[in-house]
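Undergrad: Below is one structure. I have some questions about it.
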Amino acid sequence: MGRIEFDLIGEVLDTLFSLMGKYARWLNAKGKRICFIVWNICTLYWIIRDLQLGLYSQATFCLFSIGLNFYGFMKWKQKGMV
């Protein structure tokens, strides 16, 4: 069997930012505008991580997600939610 490298710090950070993303989803469901900040922090982390791992299409997808976060924030602003 080949050697599997285990990056403990990377795994811990991946888990932390995944949980933060779920927390942002919960904040969104509660109508809390801070969800957009939390989401963007998580998404920026994933862009960096994906680029480090050579996952360029995934990093592009994350950039698209930041655009959607901005769009959602603007829609909330129009409706007076932020």
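Chain identifiers are assigned as A, B, and so on, following the order in which chains appear in the structure tokens; residues are numbered from 1 within each chain, and ligands are numbered from 1 in order of appearance.
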Contacts of A:Ile41 at 12 Å or less, counting only C-alpha atoms, minus same-chain residues fewer than 5 places along, as a PyMOL selection string?
TA: chain A and resi 16-18+20-21+24+34-36+46-48+62-63+65-66+69
Undergrad: For the atom pair atom CA of A:Asp7 and atom CA of A:Leu51, what is the interatomic distance in Å to one decimal place?
TA: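 So the answer is 15.9 Å.
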Undergrad: Please provide as a list in words all residues within 12 Å of A:Lys77, with the sequence filter that same-chain residues fewer than 6 positions apart are discarded (counting only C-alpha atoms).
TA: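 After dropping sequence-adjacent residues, the list is Gly31, Arg33, Phe36, Phe70 and Tyr71 of chain A.
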